[in-house]
Amino acid sequence: MKTRQKKKWVASAAALCVLAGTVMTGCSDKEAGGASPSPGASAAGTATADPYASLPRAVSFSMFDRGSVSSDEGTYENNRWVKWIREQSGIDVKVIPVPRNQAQDKLNVLIASNQAPDLIWEYDRTYIGKLISQGAIQPVDQYIEKYSTSYKKYLQEHPDLKSYLTFEGKMYAVATERTLDSIANHGMWIRQDWLDKLGLKVPDSLDDLIKVAKAFKDQDPDGNGKADTTPLVGSTTFDAYSAMNAAINSQWYLEDGKMKYGATLDRFGDALALEKQMYEEGLVDKEYLTDKNYQRAIQLWTTGKAGIFVGSWGGSAMENHLKAMLKNVPDANPVPLEPVSTKNGKYGLYQETKPFIFVAFNKEMKNPKAAVEYLDWLVDKGWMALVNGTEGVHYKNVNGVAQLLDADKFKKEVSYAGEYAFLRNAKFSPSDLLVKAAPDEVSQRLAALSQKGLETATKNAFRRDIPYQPNFTELNDIQTALKPFIEEIRAKVAMQGSQYTAAWGMEEIRKEWTRLGGEKVEAKAQEWYEANKASFK
């Protein structure tokens, strides 16, 4: 890590080199310890000199490896779009993929071994806060002010973003705003044809949901004469239980003006109790807690053996699942399902906050000017092709909306490139989904389902009492320690019999919260809230 003293020493050494002229030869940043110059540092007499002008225009960045690059396309590190980025942006980019399901763990290892990319990005603002407390990233204000044009203009046009990007009075990340289809995240889908066959209405309450699930289990909804159907599967089941009870375990809630951690609330106990009931009554797949990649859940849904799927609202992942289902079971009629009401009220499933992706600057970055130039290129024009492909090859422009020409070709050649576009100046309307989809019958049907899924996913507001979560070291530490503990308690409550009740689980979680210093963390969270609430909108 560079220190202030070291930076001052480098700046002084550089000045001495110039003052000495030809008498002192061979002075360089490398000989002065290799530290990168700050944007304000320059030799005496050359105040306007750019300290990064002579450095290579090279930038590395992380991205999520979702296994979406086919072998004939190349790899995440080397493919048609990485080559295109280099050609079009003039920046020598290097891609460092990290597995989606272990992204933060992998990034932490890279940071600890000094191999992290220049630009580190995540959807999770809390993770950016952790990197700040670890001293792994640096403020970006000075670089945006000095080197940016396009992103600086974008930020001026979207001033509400600034508070999300600011930590401890400084801007530590850049981001663009989400469109509605990106704000919607989790959703539920149900087999309407199964409901019709069994004479059931769409469930609206938790009691209705359980009634329908039992019927899907016991009344042979697929008509094959076998007891082989699973009522509910998915990738976000417990998140859905928690959201419907307004008690996401890692979120803070305001209870009578007091900051309370979600996992300590009575409502979280209601989510534990629901998970236990669904498991013990055979209303979910018995293997769902160990189905870490959700492949079994997806298989049950796409082969027509599950009645309710809890996962993403729509988008490419869900559209692929629906497409596979309709191929396997042509008579299936999957439709979006609203979250149901519980005794705690009616709330939407998880929805994202306004910022799309948080992009941070590694503290050891060599050339922040090149990084800002890359971000400017992205937000100005680069994102469009990375998201939609090449006009005339992958899409045609229909009144400003990119309409796919061939869904399969797009999936293979373009879909993975969207994650290179971590800044986007995009506009969106739900009706765009129908325009954007390829004109064939299957694509149009999937787009119509996706549009309906979006409308359903955003119909009920997700309960978020504060716009973003507090960030300080003690909180980051306790969250890290508590997460695996909660997962262990969940597994015991759900799977290990009547002695492990939801009440027992809550008692254990609260004891662990206290042991880890939760009361102190809660007091600091309250202080943070009182200091920041005036800026919340």
# chains A, B, ... in the order shown; residues from 1 in each chain; ligands from 1
call {"tool": "select_by_dssp", "arguments": {"residues": "range 217-434 of chain A", "states": "helix (DSSP H, G or I)", "output": "PyMOL selection string"}}
result
chain A and resi 217-218+237-244+262-264+266-280+295-302+315-328+368-388+407-413+415-420+432-434
call {"tool": "closest_residue", "arguments": {"among": "A:Asn425, A:Thr302, A:Asn108, A:Ser150", "to": "Pro334 in chain A", "atoms": "only C-alpha atoms"}}
result
A:Thr302
call {"tool": "atom_distance", "arguments": {"atom1": "CA of Ala306 in chain A", "atom2": "CA of Thr456 in chain A"}}
result
20.3 Å
call {"tool": "residues_around", "arguments": {"residues": "Gly262 in chain A", "least_positions_apart": "5", "cutoff": "9 Å", "atoms": "only C-alpha atoms", "output": "number ranges by chain"}}
result
A: 246-253, 267-268
call {"tool": "write_last_selection", "arguments": {"atoms": "N, CA, C and O atoms", "output": "compact mmCIF listing (two decimals), in the first residue's frame"}}
result
# COMPACT_ATOMS: atom_id res chain seq x y z
N ALA A 246 -41.38 -9.30 5.21
CA ALA A 246 -40.64 -8.06 5.46
C ALA A 246 -39.52 -8.27 6.46
O ALA A 246 -39.40 -7.54 7.45
N ALA A 247 -38.70 -9.28 6.20
CA ALA A 247 -37.60 -9.57 7.12
C ALA A 247 -36.45 -10.26 6.39
O ALA A 247 -36.10 -11.40 6.69
N ILE A 248 -35.85 -9.58 5.42
CA ILE A 248 -34.64 -10.10 4.78
C ILE A 248 -33.52 -10.07 5.82
O ILE A 248 -33.30 -9.06 6.49
N ASN A 249 -32.80 -11.17 5.95
CA ASN A 249 -31.89 -11.30 7.10
C ASN A 249 -30.76 -10.27 7.10
O ASN A 249 -30.27 -9.90 8.17
N SER A 250 -30.31 -9.79 5.94
CA SER A 250 -29.18 -8.86 5.90
C SER A 250 -29.61 -7.40 5.77
O SER A 250 -28.76 -6.52 5.65
N GLN A 251 -30.92 -7.13 5.78
CA GLN A 251 -31.41 -5.75 5.65
C GLN A 251 -31.70 -5.15 7.03
O GLN A 251 -32.04 -5.86 7.97
N TRP A 252 -31.55 -3.83 7.10
CA TRP A 252 -31.96 -3.11 8.30
C TRP A 252 -33.37 -2.57 8.10
O TRP A 252 -33.74 -2.12 7.01
N TYR A 253 -34.15 -2.60 9.17
CA TYR A 253 -35.52 -2.10 9.16
C TYR A 253 -35.70 -1.06 10.26
O TYR A 253 -35.01 -1.10 11.28
N ARG A 267 -40.42 -11.25 12.75
CA ARG A 267 -40.87 -11.57 11.40
C ARG A 267 -39.93 -12.55 10.70
O ARG A 267 -40.35 -13.35 9.86
N PHE A 268 -38.65 -12.48 11.05
CA PHE A 268 -37.71 -13.44 10.48
C PHE A 268 -38.02 -14.84 11.01
O PHE A 268 -37.87 -15.83 10.27
call {"tool": "residues_around", "arguments": {"residues": "Leu404 in chain A", "least_positions_apart": "3", "cutoff": "7 Å", "atoms": "only C-alpha atoms", "output": "list in words"}}
result
His394, Tyr395, Lys396, Ala407, Lys436, Ala437 and Ala438 of chain A
call {"tool": "residues_around", "arguments": {"residues": "Thr126 in chain A", "least_positions_apart": "5", "cutoff": "9 Å", "atoms": "only C-alpha atoms", "output": "mmCIF file with C-alpha atoms, in the first residue's frame"}}
result
data_model
loop_
_atom_site.group_PDB
_atom_site.id
_atom_site.type_symbol
_atom_site.label_atom_id
_atom_site.label_comp_id
_atom_site.auth_asym_id
_atom_site.auth_seq_id
_atom_site.Cartn_x
_atom_site.Cartn_y
_atom_site.Cartn_z
ATOM 1 C CA LEU A 131 -13.367 -2.883 0.467
ATOM 2 C CA TYR A 468 -29.113 1.843 1.338
ATOM 3 C CA GLN A 469 -27.505 -0.028 4.175
ATOM 4 C CA PRO A 470 -25.060 1.468 6.691
ATOM 5 C CA ASN A 471 -21.408 0.648 6.349
ATOM 6 C CA ASN A 476 -19.233 -5.799 8.040
#
call {"tool": "select_by_dssp", "arguments": {"residues": "range 91-281 of chain A", "states": "strand (DSSP E)", "output": "PDB file with C-alpha atoms, in the first residue's frame"}}
result
ATOM      1  CA  ASP A  92      -5.936  -2.400 -23.838  1.00  0.00           C
ATOM      2  CA  VAL A  93      -8.426  -4.184 -21.596  1.00  0.00           C
ATOM      3  CA  LYS A  94      -7.775  -7.317 -19.582  1.00  0.00           C
ATOM      4  CA  VAL A  95     -10.727  -9.321 -18.249  1.00  0.00           C
ATOM      5  CA  ILE A  96     -10.479 -11.147 -14.922  1.00  0.00           C
ATOM      6  CA  PRO A  97     -13.496 -13.449 -14.510  1.00  0.00           C
ATOM      7  CA  VAL A  98     -14.672 -14.567 -11.078  1.00  0.00           C
ATOM      8  CA  PRO A  99     -17.277 -17.302 -10.468  1.00  0.00           C
ATOM      9  CA  LEU A 119     -11.805  -1.930 -11.791  1.00  0.00           C
ATOM     10  CA  ILE A 120     -13.643  -4.091  -9.266  1.00  0.00           C
ATOM     11  CA  TRP A 121     -17.406  -4.265  -9.619  1.00  0.00           C
ATOM     12  CA  GLU A 122     -20.310  -5.724  -7.707  1.00  0.00           C
ATOM     13  CA  ILE A 137      -9.998   0.805  -3.057  1.00  0.00           C
ATOM     14  CA  GLN A 138      -9.646   4.559  -3.400  1.00  0.00           C
ATOM     15  CA  THR A 166     -20.623   8.300  -1.434  1.00  0.00           C
ATOM     16  CA  PHE A 167     -18.983   6.786   1.645  1.00  0.00           C
ATOM     17  CA  LYS A 170     -16.112  10.759  -0.658  1.00  0.00           C
ATOM     18  CA  MET A 171     -17.240   9.046  -3.826  1.00  0.00           C
ATOM     19  CA  HIS A 186     -37.085 -11.842  -7.846  1.00  0.00           C
ATOM     20  CA  GLY A 187     -40.427 -13.210  -8.940  1.00  0.00           C
ATOM     21  CA  MET A 188     -42.694 -16.257  -8.859  1.00  0.00           C
ATOM     22  CA  TRP A 189     -44.296 -18.323 -11.612  1.00  0.00           C
ATOM     23  CA  ILE A 190     -47.135 -20.834 -11.400  1.00  0.00           C
ATOM     24  CA  ARG A 191     -48.695 -23.422 -13.711  1.00  0.00           C
ATOM     25  CA  THR A 230     -43.117 -31.126  -6.572  1.00  0.00           C
ATOM     26  CA  PRO A 231     -45.227 -28.116  -5.601  1.00  0.00           C
ATOM     27  CA  LEU A 232     -42.533 -25.437  -5.258  1.00  0.00           C
ATOM     28  CA  VAL A 233     -38.931 -25.170  -6.461  1.00  0.00           C
ATOM     29  CA  GLY A 234     -36.533 -22.367  -7.257  1.00  0.00           C
ATOM     30  CA  TRP A 252     -31.958  -3.108   8.302  1.00  0.00           C
ATOM     31  CA  TYR A 253     -35.522  -2.103   9.155  1.00  0.00           C
ATOM     32  CA  LEU A 254     -36.966   0.850  11.022  1.00  0.00           C
ATOM     33  CA  GLU A 255     -39.139  -0.306  13.888  1.00  0.00           C
ATOM     34  CA  LYS A 258     -35.196   2.350  15.697  1.00  0.00           C
ATOM     35  CA  MET A 259     -32.768   0.515  13.437  1.00  0.00           C
ATOM     36  CA  LYS A 260     -33.192  -3.254  13.724  1.00  0.00           C
ATOM     37  CA  TYR A 261     -31.317  -5.981  11.886  1.00  0.00           C
TER      38      TYR A 261
END
call {"tool": "closest_residue", "arguments": {"among": "A:Ala461, A:Leu475, A:Ala370, A:Leu482", "to": "Ala525 in chain A", "atoms": "only C-alpha atoms"}}
result
A:Leu475
